[in-house]
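Engineer: Here it is, the structure in full.
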Amino acid sequence: MSLLIAKTFPRGGGDIPHRKSATDHKPIVVMPAPEIAVIPLQQHIGAPCEPVVAVGDKVKMGQVVGQSKAFISAPVHASVSGQVVAIEERPLANGQKALSVVIKNDGRDEPAGGTKRADLRKLAANAIRQAVKDAGIVGMGGAGFPTHVKLNPPKPVDTILINGAECEPYLTCDHRLMAERAAEMVQGLLAIMKATGAAQGVIGIEANKPDAIAKVQEAIAEYGELSVAILQVRYPQGAEKQLIKAILNREVPSGGLPHDVGCVVSNVHTAIAVYEALSLGKSSYERVVTVSGGAVVDPRNVLVRVGTPLEELFEFCGGFLGEPEVIVCGGPMTGWPVQDLGGPVVKNMSGVLALTKEEVGFDENLPCIRCERCVQVCPMGLTPNLLGEYSHMGMYKEAERIHLRDCIECSLCSYVCPAKRALVTWIKQGKAGLAAEKAKEKVS
Ligand code: SF4
Ligand code: SF4
């Protein structure tokens, strides 16, 4: 075992409140399966799936219910055993609708069965990729990118980084998984290395998770090709480019991806899902979600089935102390507001937060006072004040000239702005506006 002490990324960044103490010490709890599971046919970046079951069909837990022939896609699976009672548009947590397979749970948890493998070291790279694809594994840190695609990088890679930074406030699901299931994560990492041909694996963990660091160090003890990088507690340490810079001192070029600098980054939970798919033959139909925020009675990390309505998840955590000011999916910095509590848990949902008015603060959008705090903290070396201004005014080409597309949407600029300007909201709108403008130009 070797211990790699990495400092942090060199540019921008800042301290933000962690607010993790409500859940970071509590063991993961298992929530009973829902009576009705709503399985959206798109839970990933890429092509949506087509249903491969019909209303009235009996399904088993872990059985494929949606499939796509597209390379960039991932199948979806039943999270309970029971009967398909509808295939129809159902609301998602973000307020949009998606074609979904609705399953009435028969309470039996009858497993579909999968291929169990005793010795993962004997698996060939393409067998690993195929099993990961069949299991429907996607990036569980929030991105939702199909993992089998990542395991097939177009350029040689020498390193797999496991992102255990979890720098977003409130979220602790990766922390708890590392503290409780480090050995499984390590097996998943070794399989990812085999699939990609990478010779070394590094698990990056922020220094505020000493119990997780100790467990992971213990789990890698017999593997000389693995190491732990202890990272400074600094936002956004878990952003992919910042993580790579901190650990490997490699700079992903503008518009580039980690494989351009010889590495692949995977999330903690994703690595565990890879282990489960290969070793247990288990598909991706449940996950650990951090349920937290000042408006939640009993914040905790919950192992919950995909397809469980968010309102049931909150009820499992004791419900609300009062009316939440806002409910956020993901962390408060990079997450998005929940519009429909009837929407289901999906594969890439790392947390749901019910926040009070005091936690949310205020949003005034006062005039810019040119203090440049946003510029000082930007980890990408951008000028967020100008990017926000141009985007807000619809001057997308001007924003593009000052590297609009390099923004990683970490929200730190908005967080530090004393005028509480909605910089990142405008920047996101600017990116969408620029893409629409370019598409229009292409057509004409
Ligand atoms: S949201 Fe974008 S512009 Fe703002 S600090 Fe983060 S990277 Fe910089
Ligand atoms: S931090 Fe806010 S007020 Fe200061 S320069 Fe940036 S946008 Fe303007």
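Letters for chains follow the order of the structure tokens (A, B, ...), residue numbers begin at 1 for each chain, and ligand numbers begin at 1 in the order shown.
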Would you list the residues that come within 7 Å of ligand 1? Count only C-alpha atoms and all ligand atoms and give the answer as a VMD selection string.

Structural biologist: chain A and resid 374 377 to 384 407 to 414 423 to 424

Engineer: Produce a file of the selected residues containing C-alpha atoms, as a PDB file, in the first residue's frame.

Structural biologist:
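Contents of out.pdb, freshly written:
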```pdb
ATOM      1  CA  CYS A 374     -16.505  35.630  -8.137  1.00  0.00           C
ATOM      2  CA  VAL A 377     -12.920  31.832  -6.466  1.00  0.00           C
ATOM      3  CA  CYS A 378     -13.638  30.471  -9.944  1.00  0.00           C
ATOM      4  CA  PRO A 379     -11.745  27.161 -10.141  1.00  0.00           C
ATOM      5  CA  MET A 380     -11.709  27.375 -13.931  1.00  0.00           C
ATOM      6  CA  GLY A 381     -10.074  30.818 -14.037  1.00  0.00           C
ATOM      7  CA  LEU A 382     -13.119  32.434 -15.682  1.00  0.00           C
ATOM      8  CA  THR A 383     -14.802  35.804 -15.234  1.00  0.00           C
ATOM      9  CA  PRO A 384     -18.218  34.750 -13.887  1.00  0.00           C
ATOM     10  CA  CYS A 407     -17.776  26.661 -16.742  1.00  0.00           C
ATOM     11  CA  ILE A 408     -18.263  23.502 -14.657  1.00  0.00           C
ATOM     12  CA  GLU A 409     -21.397  24.940 -13.002  1.00  0.00           C
ATOM     13  CA  CYS A 410     -20.009  24.572  -9.487  1.00  0.00           C
ATOM     14  CA  SER A 411     -22.026  27.636  -8.272  1.00  0.00           C
ATOM     15  CA  LEU A 412     -19.170  28.978  -6.170  1.00  0.00           C
ATOM     16  CA  CYS A 413     -19.363  32.368  -7.921  1.00  0.00           C
ATOM     17  CA  SER A 414     -23.046  32.738  -7.016  1.00  0.00           C
ATOM     18  CA  LEU A 423     -24.600  34.046 -11.993  1.00  0.00           C
ATOM     19  CA  VAL A 424     -24.710  30.291 -12.467  1.00  0.00           C
TER      20      VAL A 424
END
```

Engineer: Dump the neighbourhood of ligand 2 as a PDB file with N, CA and C atoms, in the first residue's frame: all residues within 6 Å, distances computed on only C-alpha atoms and all ligand atoms.

Structural biologist:
```pdb
ATOM      1  N   CYS A 368     -24.225  44.531  -9.585  1.00  0.00           N
ATOM      2  CA  CYS A 368     -22.839  44.094  -9.366  1.00  0.00           C
ATOM      3  C   CYS A 368     -22.011  45.254  -8.839  1.00  0.00           C
ATOM      4  N   ILE A 369     -21.217  45.002  -7.798  1.00  0.00           N
ATOM      5  CA  ILE A 369     -20.380  46.067  -7.233  1.00  0.00           C
ATOM      6  C   ILE A 369     -18.916  45.917  -7.669  1.00  0.00           C
ATOM      7  N   ARG A 370     -18.683  45.058  -8.660  1.00  0.00           N
ATOM      8  CA  ARG A 370     -17.332  44.859  -9.247  1.00  0.00           C
ATOM      9  C   ARG A 370     -16.290  44.499  -8.190  1.00  0.00           C
ATOM     10  N   CYS A 371     -16.686  43.701  -7.231  1.00  0.00           N
ATOM     11  CA  CYS A 371     -15.738  43.331  -6.174  1.00  0.00           C
ATOM     12  C   CYS A 371     -14.782  42.230  -6.630  1.00  0.00           C
ATOM     13  N   GLU A 372     -15.172  41.512  -7.680  1.00  0.00           N
ATOM     14  CA  GLU A 372     -14.365  40.435  -8.273  1.00  0.00           C
ATOM     15  C   GLU A 372     -14.179  39.214  -7.389  1.00  0.00           C
ATOM     16  N   ARG A 373     -14.990  39.093  -6.361  1.00  0.00           N
ATOM     17  CA  ARG A 373     -14.896  37.879  -5.542  1.00  0.00           C
ATOM     18  C   ARG A 373     -15.188  36.641  -6.385  1.00  0.00           C
ATOM     19  N   CYS A 374     -16.146  36.774  -7.288  1.00  0.00           N
ATOM     20  CA  CYS A 374     -16.505  35.630  -8.137  1.00  0.00           C
ATOM     21  C   CYS A 374     -15.312  35.208  -8.991  1.00  0.00           C
ATOM     22  N   ASN A 385     -18.621  37.145 -13.483  1.00  0.00           N
ATOM     23  CA  ASN A 385     -19.456  38.345 -13.553  1.00  0.00           C
ATOM     24  C   ASN A 385     -19.812  38.676 -15.007  1.00  0.00           C
ATOM     25  N   CYS A 417     -20.975  35.738  -4.099  1.00  0.00           N
ATOM     26  CA  CYS A 417     -21.340  37.079  -4.576  1.00  0.00           C
ATOM     27  C   CYS A 417     -22.113  37.854  -3.509  1.00  0.00           C
ATOM     28  N   PRO A 418     -21.594  38.998  -3.052  1.00  0.00           N
ATOM     29  CA  PRO A 418     -22.301  39.752  -2.005  1.00  0.00           C
ATOM     30  C   PRO A 418     -23.607  40.352  -2.519  1.00  0.00           C
ATOM     31  N   ALA A 419     -23.729  40.509  -3.829  1.00  0.00           N
ATOM     32  CA  ALA A 419     -24.963  41.065  -4.396  1.00  0.00           C
ATOM     33  C   ALA A 419     -25.981  39.968  -4.702  1.00  0.00           C
ATOM     34  N   ARG A 421     -26.076  37.714  -6.955  1.00  0.00           N
ATOM     35  CA  ARG A 421     -26.471  37.655  -8.372  1.00  0.00           C
ATOM     36  C   ARG A 421     -26.566  36.190  -8.802  1.00  0.00           C
TER      37      ARG A 421
END
```

Engineer: Could you pull the residues within 8 Å of range 344-351 of chain A, counting only C-alpha atoms, minus those fewer than 4 positions along the same chain, as a PyMOL selection string?

Structural biologist: chain A and resi 37-40+43-44+92-93+138-144+171+173+284-292+304-310+329-331

Engineer: Could you please take those selected residues and save C-alpha atoms as an mmCIF file, in the first residue's frame?

Structural biologist:
```
data_model
loop_
_atom_site.group_PDB
_atom_site.id
_atom_site.type_symbol
_atom_site.label_atom_id
_atom_site.label_comp_id
_atom_site.auth_asym_id
_atom_site.auth_seq_id
_atom_site.Cartn_x
_atom_site.Cartn_y
_atom_site.Cartn_z
ATOM 1 C CA ALA A 37 -42.545 1.223 -8.176
ATOM 2 C CA VAL A 38 -42.395 3.708 -11.048
ATOM 3 C CA ILE A 39 -39.408 2.946 -13.278
ATOM 4 C CA PRO A 40 -38.639 5.751 -15.775
ATOM 5 C CA GLN A 43 -32.403 7.425 -16.131
ATOM 6 C CA HIS A 44 -29.190 8.197 -17.966
ATOM 7 C CA LEU A 92 -40.322 12.980 -12.599
ATOM 8 C CA ALA A 93 -38.996 14.891 -9.612
ATOM 9 C CA VAL A 138 -24.643 4.629 -14.887
ATOM 10 C CA GLY A 139 -22.597 7.274 -13.083
ATOM 11 C CA MET A 140 -24.245 7.317 -9.670
ATOM 12 C CA GLY A 141 -22.615 10.556 -8.507
ATOM 13 C CA GLY A 142 -25.204 12.505 -10.455
ATOM 14 C CA ALA A 143 -23.966 12.506 -14.048
ATOM 15 C CA GLY A 144 -25.870 9.386 -15.132
ATOM 16 C CA LEU A 171 -24.223 14.755 1.018
ATOM 17 C CA CYS A 173 -23.764 8.719 0.908
ATOM 18 C CA SER A 284 -28.783 -1.415 -10.864
ATOM 19 C CA TYR A 285 -32.172 -1.170 -9.159
ATOM 20 C CA GLU A 286 -31.375 0.359 -5.767
ATOM 21 C CA ARG A 287 -29.019 2.937 -4.356
ATOM 22 C CA VAL A 288 -28.036 4.863 -1.237
ATOM 23 C CA VAL A 289 -29.532 8.362 -1.061
ATOM 24 C CA THR A 290 -28.681 11.047 1.498
ATOM 25 C CA VAL A 291 -31.915 12.469 2.897
ATOM 26 C CA SER A 292 -31.037 15.613 4.812
ATOM 27 C CA VAL A 304 -33.786 2.690 -1.402
ATOM 28 C CA ARG A 305 -35.253 1.007 -4.466
ATOM 29 C CA VAL A 306 -35.282 2.904 -7.748
ATOM 30 C CA GLY A 307 -38.887 3.875 -8.454
ATOM 31 C CA THR A 308 -39.733 4.820 -4.857
ATOM 32 C CA PRO A 309 -41.637 8.145 -4.749
ATOM 33 C CA LEU A 310 -39.646 10.889 -3.003
ATOM 34 C CA CYS A 329 -32.173 16.976 -5.618
ATOM 35 C CA GLY A 330 -28.407 16.453 -5.319
ATOM 36 C CA GLY A 331 -26.317 18.911 -3.343
#
```

Engineer: Please list as a ChimeraX atom specification every residue within 7 Å of Cys49 in chain A, counting only C-alpha atoms and excluding residues in the same chain fewer than 2 positions away.

Structural biologist: /A:41-42,47,51,66-68,75

Engineer: Write out as a VMD selection string which residues come within 12 Å of Tyr235 in chain A when counting only C-alpha atoms, dropping same-chain ones fewer than 6 positions away.

Structural biologist: chain A and resid 8 to 18 165 to 169 206 242 to 243 333 to 334 377 to 379 410 to 413 415 to 416

Engineer: With only C-alpha atoms as the counted atoms, please give the residues lying no more than 10 Å from Lys397 in chain A, apart from itself and same-chain residues fewer than 4 positions off, as a PyMOL selection string.

Structural biologist: chain A and resi 390-391+401-404+430+433-434+437-438

Engineer: Determine which residues of range 108-295 of chain A receive a DSSP assignment of strand (DSSP E), computed from the backbone, and state them as number ranges by chain.

Structural biologist: A: 159-164, 200-206, 226-231, 263-267, 286-292

Engineer: Could you please write out, as an NGL selection string, every residue of range 110-248 of chain A that DSSP assigns to helix (DSSP H, G or I)?

Structural biologist: :A and (120-122 or 125-134 or 147-150 or 173-196 or 210-219 or 240-248)

Engineer: When you count only C-alpha atoms, which of these residues is closest to Leu257 in chain A: A:Leu355, A:Cys317, A:Lys209, A:Val157?

Structural biologist: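 Checking each of A:Leu355, A:Cys317, A:Lys209, A:Val157 against Leu257 in chain A, counting only C-alpha atoms, the winner is A:Val157.
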
Engineer: Any idea what the distance is between CA of Tyr170 in chain A and CA of Gly335 in chain A?

Structural biologist: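 It comes out at 11.6 Å.
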
Engineer: Find the residues near Ile87 in chain A: any atom within 8 Å, counting only C-alpha atoms, skip ones fewer than 3 places away on the same chain, and give them as a ChimeraX atom specification.

Structural biologist: /A:51,54-55,84,99-102

Engineer: Those residues you just picked out, can you put them in a file as a compact mmCIF listing (two decimals), in the first residue's frame with N, CA and C atoms?

Structural biologist:
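To be explicit, this is the file written out as result-v8.txt:
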```txt
# COMPACT_ATOMS: atom_id res chain seq x y z
N PRO A 51 -39.85 0.07 -23.76
CA PRO A 51 -40.29 -0.99 -22.83
C PRO A 51 -40.16 -2.36 -23.48
N ALA A 54 -44.97 -5.81 -21.06
CA ALA A 54 -46.29 -5.27 -21.39
C ALA A 54 -47.15 -5.24 -20.13
N VAL A 55 -48.18 -4.42 -20.17
CA VAL A 55 -49.10 -4.34 -19.02
C VAL A 55 -49.68 -5.74 -18.77
N VAL A 84 -46.75 -5.68 -13.89
CA VAL A 84 -46.76 -4.39 -14.58
C VAL A 84 -48.22 -3.95 -14.70
N LEU A 99 -41.83 8.41 -19.99
CA LEU A 99 -42.48 7.11 -20.12
C LEU A 99 -41.91 6.17 -19.05
N SER A 100 -42.78 5.53 -18.31
CA SER A 100 -42.34 4.74 -17.16
C SER A 100 -43.08 3.41 -17.10
N VAL A 101 -42.40 2.42 -16.55
CA VAL A 101 -43.03 1.12 -16.31
C VAL A 101 -43.47 1.10 -14.83
N VAL A 102 -44.76 0.93 -14.61
CA VAL A 102 -45.30 0.99 -13.25
C VAL A 102 -45.57 -0.45 -12.79
```

Engineer: Could you please determine the separation between CA of Lys194 in chain A and CA of Asn126 in chain A in Å, to one decimal place?

Structural biologist: 9.4 Å

Engineer: In Å to one decimal, how far is CA of Gly107 in chain A from CA of Pro32 in chain A?

Structural biologist: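 Those two atoms sit 9.7 Å apart.
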